[in-house]
>>> print(open('start-v5.cif').read())   # mmCIF, C-alpha atoms
data_query
loop_
_atom_site.group_PDB
_atom_site.id
_atom_site.type_symbol
_atom_site.label_atom_id
_atom_site.label_comp_id
_atom_site.auth_asym_id
_atom_site.auth_seq_id
_atom_site.Cartn_x
_atom_site.Cartn_y
_atom_site.Cartn_z
ATOM 1 C CA MET A 977 -71.984 18.368 -14.076
ATOM 2 C CA LEU A 978 -69.329 16.948 -16.429
ATOM 3 C CA ARG A 979 -68.537 20.498 -17.518
ATOM 4 C CA SER A 980 -68.063 21.502 -13.879
ATOM 5 C CA ILE A 981 -65.791 18.548 -13.156
ATOM 6 C CA GLY A 982 -63.803 19.228 -16.337
ATOM 7 C CA GLY A 983 -63.415 22.893 -15.376
ATOM 8 C CA ARG A 984 -62.124 21.948 -11.943
ATOM 9 C CA MET A 985 -59.641 19.478 -13.415
ATOM 10 C CA LEU A 986 -58.404 22.096 -15.892
ATOM 11 C CA ALA A 987 -57.960 24.646 -13.106
ATOM 12 C CA ALA A 988 -56.050 22.077 -11.018
ATOM 13 C CA LEU A 989 -53.758 21.269 -13.967
ATOM 14 C CA VAL A 990 -53.080 24.979 -14.551
ATOM 15 C CA LEU A 991 -52.171 25.479 -10.871
ATOM 16 C CA MET A 992 -49.908 22.402 -10.851
ATOM 17 C CA SER A 993 -48.168 23.548 -14.031
ATOM 18 C CA ALA A 994 -47.627 27.041 -12.619
ATOM 19 C CA ALA A 995 -46.163 25.612 -9.403
ATOM 20 C CA ALA A 996 -43.836 23.326 -11.345
ATOM 21 C CA ALA A 997 -42.713 26.167 -13.593
ATOM 22 C CA ARG A 998 -42.057 28.390 -10.583
ATOM 23 C CA GLY A 999 -39.997 25.669 -8.895
ATOM 24 C CA GLN A 1000 -38.006 25.114 -12.095
ATOM 25 C CA TYR A 1001 -37.419 28.879 -12.413
ATOM 26 C CA LEU A 1002 -36.064 29.142 -8.882
ATOM 27 C CA GLU A 1003 -33.895 26.030 -8.807
ATOM 28 C CA GLN A 1004 -32.632 25.561 -12.361
ATOM 29 C CA PRO A 1005 -30.341 28.564 -13.074
ATOM 30 C CA ARG A 1006 -26.636 27.918 -12.613
ATOM 31 C CA THR A 1007 -25.410 31.054 -14.364
ATOM 32 C CA TYR A 1008 -26.266 34.133 -12.371
ATOM 33 C CA VAL A 1009 -27.831 37.086 -14.180
ATOM 34 C CA PRO A 1010 -26.579 40.398 -12.703
ATOM 35 C CA SER A 1011 -29.104 42.995 -11.618
ATOM 36 C CA ASP A 1012 -30.256 45.279 -14.407
ATOM 37 C CA ALA A 1013 -30.390 48.236 -12.025
ATOM 38 C CA ARG A 1014 -29.327 51.492 -13.683
ATOM 39 C CA PHE A 1015 -28.375 54.476 -11.539
ATOM 40 C CA VAL A 1016 -26.182 57.526 -11.233
ATOM 41 C CA SER A 1017 -24.456 58.068 -7.907
ATOM 42 C CA ALA A 1018 -22.518 60.630 -5.903
ATOM 43 C CA GLY A 1019 -20.329 59.993 -2.890
ATOM 44 C CA PHE A 1020 -16.746 60.200 -1.711
ATOM 45 C CA TYR A 1021 -13.569 58.274 -0.995
ATOM 46 C CA GLU A 1022 -11.424 58.889 2.064
ATOM 47 C CA ARG A 1023 -8.247 58.534 -0.006
ATOM 48 C CA ASP A 1024 -4.742 57.869 1.262
ATOM 49 C CA PHE A 1025 -1.962 57.865 -1.357
ATOM 50 C CA ARG A 1026 1.701 57.400 -0.460
ATOM 51 C CA PRO A 1027 5.005 55.816 -1.587
ATOM 52 C CA ARG A 1028 5.637 52.139 -0.887
ATOM 53 C CA GLY A 1029 8.781 51.091 0.965
ATOM 54 C CA THR A 1030 10.402 50.190 -2.393
ATOM 55 C CA ASN A 1031 9.865 53.658 -3.892
ATOM 56 C CA THR A 1032 13.132 55.180 -5.149
ATOM 57 C CA ALA A 1033 11.934 58.761 -5.790
ATOM 58 C CA PRO A 1034 13.641 61.452 -3.680
ATOM 59 C CA ASP A 1035 11.566 63.046 -0.921
ATOM 60 C CA SER A 1036 11.354 66.275 -2.916
ATOM 61 C CA LEU A 1037 9.499 64.464 -5.729
ATOM 62 C CA ALA A 1038 7.537 61.817 -3.811
ATOM 63 C CA VAL A 1039 3.747 62.214 -3.594
ATOM 64 C CA LYS A 1040 1.938 61.731 -0.306
ATOM 65 C CA TYR A 1041 -1.526 62.903 0.755
ATOM 66 C CA THR A 1042 -4.715 61.980 2.594
ATOM 67 C CA ARG A 1043 -7.799 63.729 1.304
ATOM 68 C CA VAL A 1044 -11.533 63.366 0.769
ATOM 69 C CA MET A 1045 -12.134 62.696 -2.936
ATOM 70 C CA PRO A 1046 -15.660 63.371 -4.309
ATOM 71 C CA VAL A 1047 -16.701 60.529 -6.623
ATOM 72 C CA VAL A 1048 -19.513 60.314 -9.189
ATOM 73 C CA GLY A 1049 -20.576 57.117 -10.903
ATOM 74 C CA PHE A 1050 -22.859 55.426 -13.394
ATOM 75 C CA ARG A 1051 -23.894 51.765 -13.237
ATOM 76 C CA GLN A 1052 -25.871 49.766 -15.769
ATOM 77 C CA GLY A 1053 -26.187 46.123 -14.761
ATOM 78 C CA PRO A 1054 -22.679 44.571 -14.772
ATOM 79 C CA ILE A 1055 -20.868 47.731 -15.983
ATOM 80 C CA GLU A 1056 -19.805 50.602 -13.726
ATOM 81 C CA PHE A 1057 -17.943 53.869 -14.363
ATOM 82 C CA LEU A 1058 -16.433 55.928 -11.519
ATOM 83 C CA PHE A 1059 -14.721 59.320 -11.612
ATOM 84 C CA GLY A 1060 -13.073 61.050 -8.671
ATOM 85 C CA TYR A 1061 -11.184 64.342 -8.334
ATOM 86 C CA THR A 1062 -9.519 66.153 -5.466
ATOM 87 C CA THR A 1063 -6.683 68.578 -4.694
ATOM 88 C CA TYR A 1064 -3.990 68.535 -2.019
ATOM 89 C CA ASP A 1065 -1.067 70.650 -0.845
ATOM 90 C CA LEU A 1066 2.448 69.447 -1.568
ATOM 91 C CA HIS A 1067 5.536 71.571 -0.899
ATOM 92 C CA ALA A 1068 3.413 74.700 -0.411
ATOM 93 C CA ALA A 1069 1.572 74.321 -3.726
ATOM 94 C CA SER A 1070 -1.826 72.931 -4.707
ATOM 95 C CA ARG A 1071 -1.748 69.668 -6.687
ATOM 96 C CA ALA A 1072 -4.505 67.592 -8.327
ATOM 97 C CA ALA A 1073 -5.446 63.928 -8.164
ATOM 98 C CA ILE A 1074 -7.763 62.027 -10.528
ATOM 99 C CA TYR A 1075 -9.194 58.535 -10.427
ATOM 100 C CA PHE A 1076 -11.174 57.035 -13.319
ATOM 101 C CA GLY A 1077 -12.281 53.421 -13.237
ATOM 102 C CA VAL A 1078 -14.354 51.044 -15.364
ATOM 103 C CA THR A 1079 -15.401 47.563 -14.276
ATOM 104 C CA PHE A 1080 -17.328 44.768 -15.956
ATOM 105 C CA SER A 1081 -18.364 41.704 -13.971
ATOM 106 C CA GLY A 1082 -20.028 38.418 -14.852
ATOM 107 C CA ASP A 1083 -21.557 36.488 -11.947
ATOM 108 C CA TYR A 1084 -21.973 32.701 -11.593
ATOM 109 C CA VAL A 1085 -23.909 30.937 -8.850
ATOM 110 C CA ILE A 1086 -21.951 28.681 -6.502
ATOM 111 C CA ALA A 1087 -24.877 27.863 -4.219
ATOM 112 C CA GLY A 1088 -28.445 29.059 -3.778
ATOM 113 C CA ASN A 1089 -31.108 30.291 -6.154
ATOM 114 C CA ARG A 1090 -32.264 33.542 -7.725
ATOM 115 C CA GLU A 1091 -33.564 34.901 -4.457
ATOM 116 C CA ARG A 1092 -30.463 34.225 -2.316
ATOM 117 C CA ALA A 1093 -27.159 33.078 -3.728
ATOM 118 C CA LEU A 1094 -23.447 32.777 -3.104
ATOM 119 C CA VAL A 1095 -21.863 33.962 -6.332
ATOM 120 C CA LEU A 1096 -18.477 33.777 -8.053
ATOM 121 C CA PRO A 1097 -17.809 37.151 -9.750
ATOM 122 C CA LEU A 1098 -15.382 37.347 -12.683
ATOM 123 C CA MET A 1099 -14.260 40.934 -13.187
ATOM 124 C CA VAL A 1100 -12.457 42.954 -15.830
ATOM 125 C CA ASP A 1101 -11.115 46.150 -14.258
ATOM 126 C CA ALA A 1102 -9.450 49.171 -15.860
ATOM 127 C CA ASP A 1103 -8.382 52.395 -14.170
ATOM 128 C CA PHE A 1104 -6.362 55.555 -14.621
ATOM 129 C CA THR A 1105 -4.766 57.220 -11.600
ATOM 130 C CA LYS A 1106 -3.072 60.607 -11.603
ATOM 131 C CA SER A 1107 -1.346 62.341 -8.687
ATOM 132 C CA GLU A 1108 0.763 65.395 -9.372
ATOM 133 C CA SER A 1109 4.311 65.730 -8.041
ATOM 134 C CA ALA A 1110 6.310 68.826 -7.176
ATOM 135 C CA GLY A 1111 8.565 68.102 -10.151
ATOM 136 C CA SER A 1112 8.049 68.041 -13.928
ATOM 137 C CA LEU A 1113 5.330 66.233 -15.884
ATOM 138 C CA HIS A 1114 7.559 63.160 -16.010
ATOM 139 C CA ASP A 1115 7.633 63.070 -12.212
ATOM 140 C CA ASN A 1116 3.840 62.945 -11.923
ATOM 141 C CA PHE A 1117 2.120 59.651 -11.235
ATOM 142 C CA ASN A 1118 0.113 59.013 -14.439
ATOM 143 C CA VAL A 1119 -0.573 55.290 -14.545
ATOM 144 C CA GLY A 1120 -3.190 53.226 -16.341
ATOM 145 C CA SER A 1121 -3.982 49.617 -15.434
ATOM 146 C CA VAL A 1122 -5.988 46.754 -16.947
ATOM 147 C CA GLY A 1123 -6.627 43.567 -15.034
ATOM 148 C CA LEU A 1124 -8.683 40.487 -14.193
ATOM 149 C CA GLY A 1125 -10.039 39.426 -10.842
ATOM 150 C CA THR A 1126 -12.355 37.132 -8.926
ATOM 151 C CA GLY A 1127 -13.658 36.666 -5.423
ATOM 152 C CA LEU A 1128 -17.001 36.087 -3.698
ATOM 153 C CA LYS A 1129 -20.377 37.794 -3.692
ATOM 154 C CA TYR A 1130 -23.495 37.203 -1.619
ATOM 155 C CA ARG A 1131 -26.706 38.499 -3.132
ATOM 156 C CA ILE A 1132 -30.330 38.841 -2.053
ATOM 157 C CA ASN A 1133 -33.027 39.612 -4.620
ATOM 158 C CA GLY A 1134 -36.485 40.596 -3.406
ATOM 159 C CA GLU A 1135 -39.460 42.687 -4.403
ATOM 160 C CA ALA A 1136 -38.625 45.478 -1.933
ATOM 161 C CA LEU A 1137 -34.843 45.107 -1.749
ATOM 162 C CA ASP A 1138 -31.915 44.049 -3.912
ATOM 163 C CA PHE A 1139 -28.732 43.703 -1.831
ATOM 164 C CA TRP A 1140 -25.228 42.412 -2.454
ATOM 165 C CA MET A 1141 -21.818 42.263 -0.772
ATOM 166 C CA THR A 1142 -18.719 41.654 -2.895
ATOM 167 C CA ALA A 1143 -14.989 41.137 -2.267
ATOM 168 C CA VAL A 1144 -12.627 40.692 -5.237
ATOM 169 C CA ALA A 1145 -8.850 40.415 -5.711
ATOM 170 C CA ILE A 1146 -7.465 41.777 -9.011
ATOM 171 C CA ILE A 1147 -4.090 41.625 -10.745
ATOM 172 C CA HIS A 1148 -3.378 44.400 -13.266
ATOM 173 C CA TYR A 1149 -0.913 45.106 -16.028
ATOM 174 C CA SER A 1150 0.123 48.753 -15.516
ATOM 175 C CA PHE A 1151 1.801 51.351 -17.709
ATOM 176 C CA ASP A 1152 2.981 54.938 -17.230
ATOM 177 C CA GLY A 1153 1.622 57.522 -19.632
ATOM 178 C CA TYR A 1154 4.810 59.578 -20.114
ATOM 179 C CA ASN A 1155 7.848 57.338 -19.654
ATOM 180 C CA LEU A 1156 6.534 54.115 -21.254
ATOM 181 C CA GLU A 1157 7.329 52.182 -18.080
ATOM 182 C CA THR A 1158 5.352 48.994 -17.403
ATOM 183 C CA GLY A 1159 4.732 46.869 -14.351
ATOM 184 C CA SER A 1160 2.072 45.256 -12.202
ATOM 185 C CA SER A 1161 -0.631 46.403 -9.827
ATOM 186 C CA PRO A 1162 -2.511 44.099 -7.443
ATOM 187 C CA ALA A 1163 -5.760 45.430 -6.000
ATOM 188 C CA ALA A 1164 -8.486 44.419 -3.562
ATOM 189 C CA VAL A 1165 -11.980 45.865 -3.922
ATOM 190 C CA ALA A 1166 -15.136 45.403 -1.874
ATOM 191 C CA GLU A 1167 -18.609 46.899 -1.808
ATOM 192 C CA ALA A 1168 -21.998 46.577 -0.143
ATOM 193 C CA VAL A 1169 -24.983 47.929 -2.097
ATOM 194 C CA ALA A 1170 -28.709 48.111 -1.357
ATOM 195 C CA ILE A 1171 -31.222 48.864 -4.130
ATOM 196 C CA LEU A 1172 -34.509 50.316 -2.818
ATOM 197 C CA PRO A 1173 -37.044 50.503 -5.660
ATOM 198 C CA GLY A 1174 -40.061 51.512 -3.555
ATOM 199 C CA ILE A 1175 -38.789 54.835 -2.199
ATOM 200 C CA GLY A 1176 -40.850 57.005 -4.585
ATOM 201 C CA ILE A 1177 -37.924 58.964 -6.078
ATOM 202 C CA LEU A 1178 -37.838 58.207 -9.809
ATOM 203 C CA ASP A 1179 -37.346 54.411 -9.929
ATOM 204 C CA GLY A 1180 -35.810 54.193 -6.448
ATOM 205 C CA LEU A 1181 -32.554 54.716 -4.572
ATOM 206 C CA ALA A 1182 -29.198 52.927 -4.334
ATOM 207 C CA VAL A 1183 -27.059 53.307 -1.217
ATOM 208 C CA GLY A 1184 -23.723 51.662 -0.575
ATOM 209 C CA TYR A 1185 -20.143 51.489 0.645
ATOM 210 C CA ARG A 1186 -17.003 51.016 -1.463
ATOM 211 C CA PHE A 1187 -13.423 50.000 -0.566
ATOM 212 C CA ARG A 1188 -10.399 49.904 -2.868
ATOM 213 C CA TYR A 1189 -6.752 49.081 -2.134
ATOM 214 C CA GLN A 1190 -4.223 49.223 -4.951
ATOM 215 C CA ALA A 1191 -0.419 49.045 -5.109
ATOM 216 C CA TRP A 1192 1.851 49.671 -8.102
ATOM 217 C CA THR A 1193 5.308 48.324 -8.984
ATOM 218 C CA LEU A 1194 6.880 49.911 -12.074
ATOM 219 C CA GLY A 1195 9.543 52.311 -13.288
ATOM 220 C CA GLY A 1196 12.364 50.656 -11.370
ATOM 221 C CA GLY A 1197 10.751 51.737 -8.102
ATOM 222 C CA ARG A 1198 10.110 55.321 -9.133
ATOM 223 C CA TYR A 1199 6.361 54.754 -9.365
ATOM 224 C CA ASP A 1200 5.991 52.292 -6.511
ATOM 225 C CA TYR A 1201 2.950 53.694 -4.697
ATOM 226 C CA LYS A 1202 -0.105 52.429 -2.858
ATOM 227 C CA THR A 1203 -3.536 53.829 -2.137
ATOM 228 C CA VAL A 1204 -6.341 52.968 0.280
ATOM 229 C CA ASN A 1205 -9.836 54.294 -0.451
ATOM 230 C CA ASN A 1206 -13.130 53.813 1.310
ATOM 231 C CA GLY A 1207 -16.389 55.734 1.357
ATOM 232 C CA VAL A 1208 -20.138 55.785 0.884
ATOM 233 C CA PHE A 1209 -22.433 56.816 -1.948
ATOM 234 C CA ILE A 1210 -26.090 57.362 -2.783
ATOM 235 C CA GLY A 1211 -27.637 56.963 -6.218
ATOM 236 C CA VAL A 1212 -30.893 57.473 -8.074
ATOM 237 C CA LEU A 1213 -32.365 54.735 -10.273
ATOM 238 C CA PHE A 1214 -33.875 55.680 -13.626
#
>>> encode(input="start-v5.cif", output="structure tokens")
Amino acid sequence: MLRSIGGRMLAALVLMSAAAARGQYLEQPRTYVPSDARFVSAGFYERDFRPRGTNTAPDSLAVKYTRVMPVVGFRQGPIEFLFGYTTYDLHAASRAAIYFGVTFSGDYVIAGNRERALVLPLMVDADFTKSESAGSLHDNFNVGSVGLGTGLKYRINGEALDFWMTAVAIIHYSFDGYNLETGSSPAAVAEAVAILPGIGILDGLAVGYRFRYQAWTLGGGRYDYKTVNNGVFIGVLF
């Protein structure tokens, strides 16, 4: 009988300890750990690229287009790589546009727990944007940018779904690849992503929407451009 009572007390202690540990796990974290989801993706941007009002390039050399840009990507936890390429017609000739971007983000909980949380993202963002002009190589838009940003993110973590929405403002230091001109480039980026691990395709699917606005000021107005991009993607986890 004593053995039975002792066994019941031990079982009760184990259950109480497990409940306490679970409560501590859910409520204690104040630094948010980004999802470890790893996936490759394919999608597109509806891309509009045009001179700003301060652009000083003559009309014959200015770049302006609206095109669908196919985009492929790779994400591993807080790091993401994106590459996009498209062509457009300018002054009766075909020109090329390239976008390459790398982002790294660290997330910190403002309110909530590991299952649902309002998060402060801190982001390092680097990109290279090329849009060909009708002129010489020096008239092309070949600009790299490196910057820091922050904003807000809302995230839901569950067994069947991992979902987040993010909006971030970024300020970049920008530089032209040919003329050694430097300047600045503010940007606003947003995304909504759903991770579906139980789909039955490899480790699951990722589906989402991306938005990116970026404006450049450099080269005494010669490279003052802006771009608006938005589109969807689908990825495969592995």
>>> residues_near_point(input="start-v5.cif", point="(2.9, 45.7, -10.4)", cutoff="12 Å", atoms="only C-alpha atoms", output="JSON, numbers by chain")
{"A": [1028, 1030, 1119, 1120, 1121, 1122, 1123, 1146, 1147, 1148, 1149, 1150, 1151, 1152, 1157, 1158, 1159, 1160, 1161, 1162, 1163, 1190, 1191, 1192, 1193, 1194, 1195, 1196, 1197, 1199, 1200, 1201, 1202]}
>>> residues_around(input="start-v5.cif", residues="Gly1211 of chain A", least_positions_apart="4", cutoff="9 Å", atoms="only C-alpha atoms", output="PyMOL selection string")
chain A and resi 1015-1019+1049-1050+1180-1184
>>> residues_around(input="start-v5.cif", residues="Val1048 of chain A", least_positions_apart="5", cutoff="12 Å", atoms="all atoms listed in the file", output="PyMOL selection string")
chain A and resi 1015-1021+1056-1061+1074-1077+1207-1212
>>> write_last_selection(input="start-v5.cif", atoms="C-alpha atoms", output="tab-separated table (two decimals), in the coordinates of the input")
chain	number	residue	atom	x	y	z
A	1015	PHE	CA	-28.38	54.48	-11.54
A	1016	VAL	CA	-26.18	57.53	-11.23
A	1017	SER	CA	-24.46	58.07	-7.91
A	1018	ALA	CA	-22.52	60.63	-5.90
A	1019	GLY	CA	-20.33	59.99	-2.89
A	1020	PHE	CA	-16.75	60.20	-1.71
A	1021	TYR	CA	-13.57	58.27	-1.00
A	1056	GLU	CA	-19.80	50.60	-13.73
A	1057	PHE	CA	-17.94	53.87	-14.36
A	1058	LEU	CA	-16.43	55.93	-11.52
A	1059	PHE	CA	-14.72	59.32	-11.61
A	1060	GLY	CA	-13.07	61.05	-8.67
A	1061	TYR	CA	-11.18	64.34	-8.33
A	1074	ILE	CA	-7.76	62.03	-10.53
A	1075	TYR	CA	-9.19	58.54	-10.43
A	1076	PHE	CA	-11.17	57.04	-13.32
A	1077	GLY	CA	-12.28	53.42	-13.24
A	1207	GLY	CA	-16.39	55.73	1.36
A	1208	VAL	CA	-20.14	55.78	0.88
A	1209	PHE	CA	-22.43	56.82	-1.95
A	1210	ILE	CA	-26.09	57.36	-2.78
A	1211	GLY	CA	-27.64	56.96	-6.22
A	1212	VAL	CA	-30.89	57.47	-8.07
>>> closest_residue(input="start-v5.cif", among="A:Asp1138, A:Glu1108, A:Asp1024, A:Asp1065", to="Arg1092 of chain A", atoms="only C-alpha atoms")
A:Asp1138
>>> atom_distance(input="start-v5.cif", atom1="atom CA of Pro1097 of chain A", atom2="atom CA of Ala1166 of chain A")
11.7 Å
>>> atom_distance(input="start-v5.cif", atom1="atom CA of Val1044 of chain A", atom2="atom CA of Ala1072 of chain A")
12.2 Å
>>> closest_residue(input="start-v5.cif", among="A:Gly1153, A:Tyr1084, A:Tyr1041, A:Glu1022", to="Tyr1185 of chain A", atoms="all atoms listed in the file")
A:Glu1022
>>> resolve_selection(input="start-v5.cif", expression="the PyMOL selection byres ((chain A and resi 1165) around 7)", output="ChimeraX atom specification")
/A:1143-1145,1163-1164,1166,1187-1189
>>> atom_distance(input="start-v5.cif", atom1="atom CA of Gly1111 of chain A", atom2="atom CA of Asn1205 of chain A")
25.0 Å
>>> closest_atom_pairs(input="start-v5.cif", of="segment 1093-1158 of chain A", to="segment 1167-1171 of chain A", cutoff="7 Å", atoms="only C-alpha atoms", output="JSON lines")
{"residue": "A:Leu1137", "atom": "CA", "partner": "A:Ile1171", "partner_atom": "CA", "distance": 5.7}
{"residue": "A:Asp1138", "atom": "CA", "partner": "A:Ile1171", "partner_atom": "CA", "distance": 4.9}
{"residue": "A:Phe1139", "atom": "CA", "partner": "A:Ala1170", "partner_atom": "CA", "distance": 4.4}
{"residue": "A:Trp1140", "atom": "CA", "partner": "A:Val1169", "partner_atom": "CA", "distance": 5.5}
{"residue": "A:Met1141", "atom": "CA", "partner": "A:Ala1168", "partner_atom": "CA", "distance": 4.4}
{"residue": "A:Thr1142", "atom": "CA", "partner": "A:Glu1167", "partner_atom": "CA", "distance": 5.4}
{"residue": "A:Ala1143", "atom": "CA", "partner": "A:Glu1167", "partner_atom": "CA", "distance": 6.8}
>>> closest_residue(input="start-v5.cif", among="A:Ser1070, A:Gly1082, A:Arg1023, A:Thr1105", to="Gly1053 of chain A", atoms="all atoms listed in the file")
A:Gly1082
>>> resolve_selection(input="start-v5.cif", expression="the PyMOL selection byres ((chain A and resi 1101) around 7)", output="ChimeraX atom specification")
/A:1078-1080,1099-1100,1102-1103,1122-1124
>>> write_last_selection(input="start-v5.cif", atoms="C-alpha atoms", output="JSON list (two decimals), in the frame of the given file")
[["chain", "number", "residue", "atom", "x", "y", "z"],
["A", 1078, "VAL", "CA", -14.35, 51.04, -15.36],
["A", 1079, "THR", "CA", -15.40, 47.56, -14.28],
["A", 1080, "PHE", "CA", -17.33, 44.77, -15.96],
["A", 1099, "MET", "CA", -14.26, 40.93, -13.19],
["A", 1100, "VAL", "CA", -12.46, 42.95, -15.83],
["A", 1102, "ALA", "CA", -9.45, 49.17, -15.86],
["A", 1103, "ASP", "CA", -8.38, 52.40, -14.17],
["A", 1122, "VAL", "CA", -5.99, 46.75, -16.95],
["A", 1123, "GLY", "CA", -6.63, 43.57, -15.03],
["A", 1124, "LEU", "CA", -8.68, 40.49, -14.19]]
>>> closest_residue(input="start-v5.cif", among="A:Leu1156, A:Val1204, A:Ala1110, A:Val1095", to="Gly1127 of chain A", atoms="all atoms listed in the file")
A:Val1095
>>> resolve_selection(input="start-v5.cif", expression="the PyMOL selection byres ((chain A and resi 1035) around 12)", output="compact mmCIF listing (two decimals) with C-alpha atoms, in the frame of the given file")
# COMPACT_ATOMS: atom_id res chain seq x y z
CA ARG A 1026 1.70 57.40 -0.46
CA PRO A 1027 5.00 55.82 -1.59
CA ASN A 1031 9.86 53.66 -3.89
CA THR A 1032 13.13 55.18 -5.15
CA ALA A 1033 11.93 58.76 -5.79
CA PRO A 1034 13.64 61.45 -3.68
CA SER A 1036 11.35 66.28 -2.92
CA LEU A 1037 9.50 64.46 -5.73
CA ALA A 1038 7.54 61.82 -3.81
CA VAL A 1039 3.75 62.21 -3.59
CA LYS A 1040 1.94 61.73 -0.31
CA LEU A 1066 2.45 69.45 -1.57
CA HIS A 1067 5.54 71.57 -0.90
CA SER A 1109 4.31 65.73 -8.04
CA ALA A 1110 6.31 68.83 -7.18
CA GLY A 1111 8.56 68.10 -10.15
CA ASP A 1115 7.63 63.07 -12.21
CA ARG A 1198 10.11 55.32 -9.13
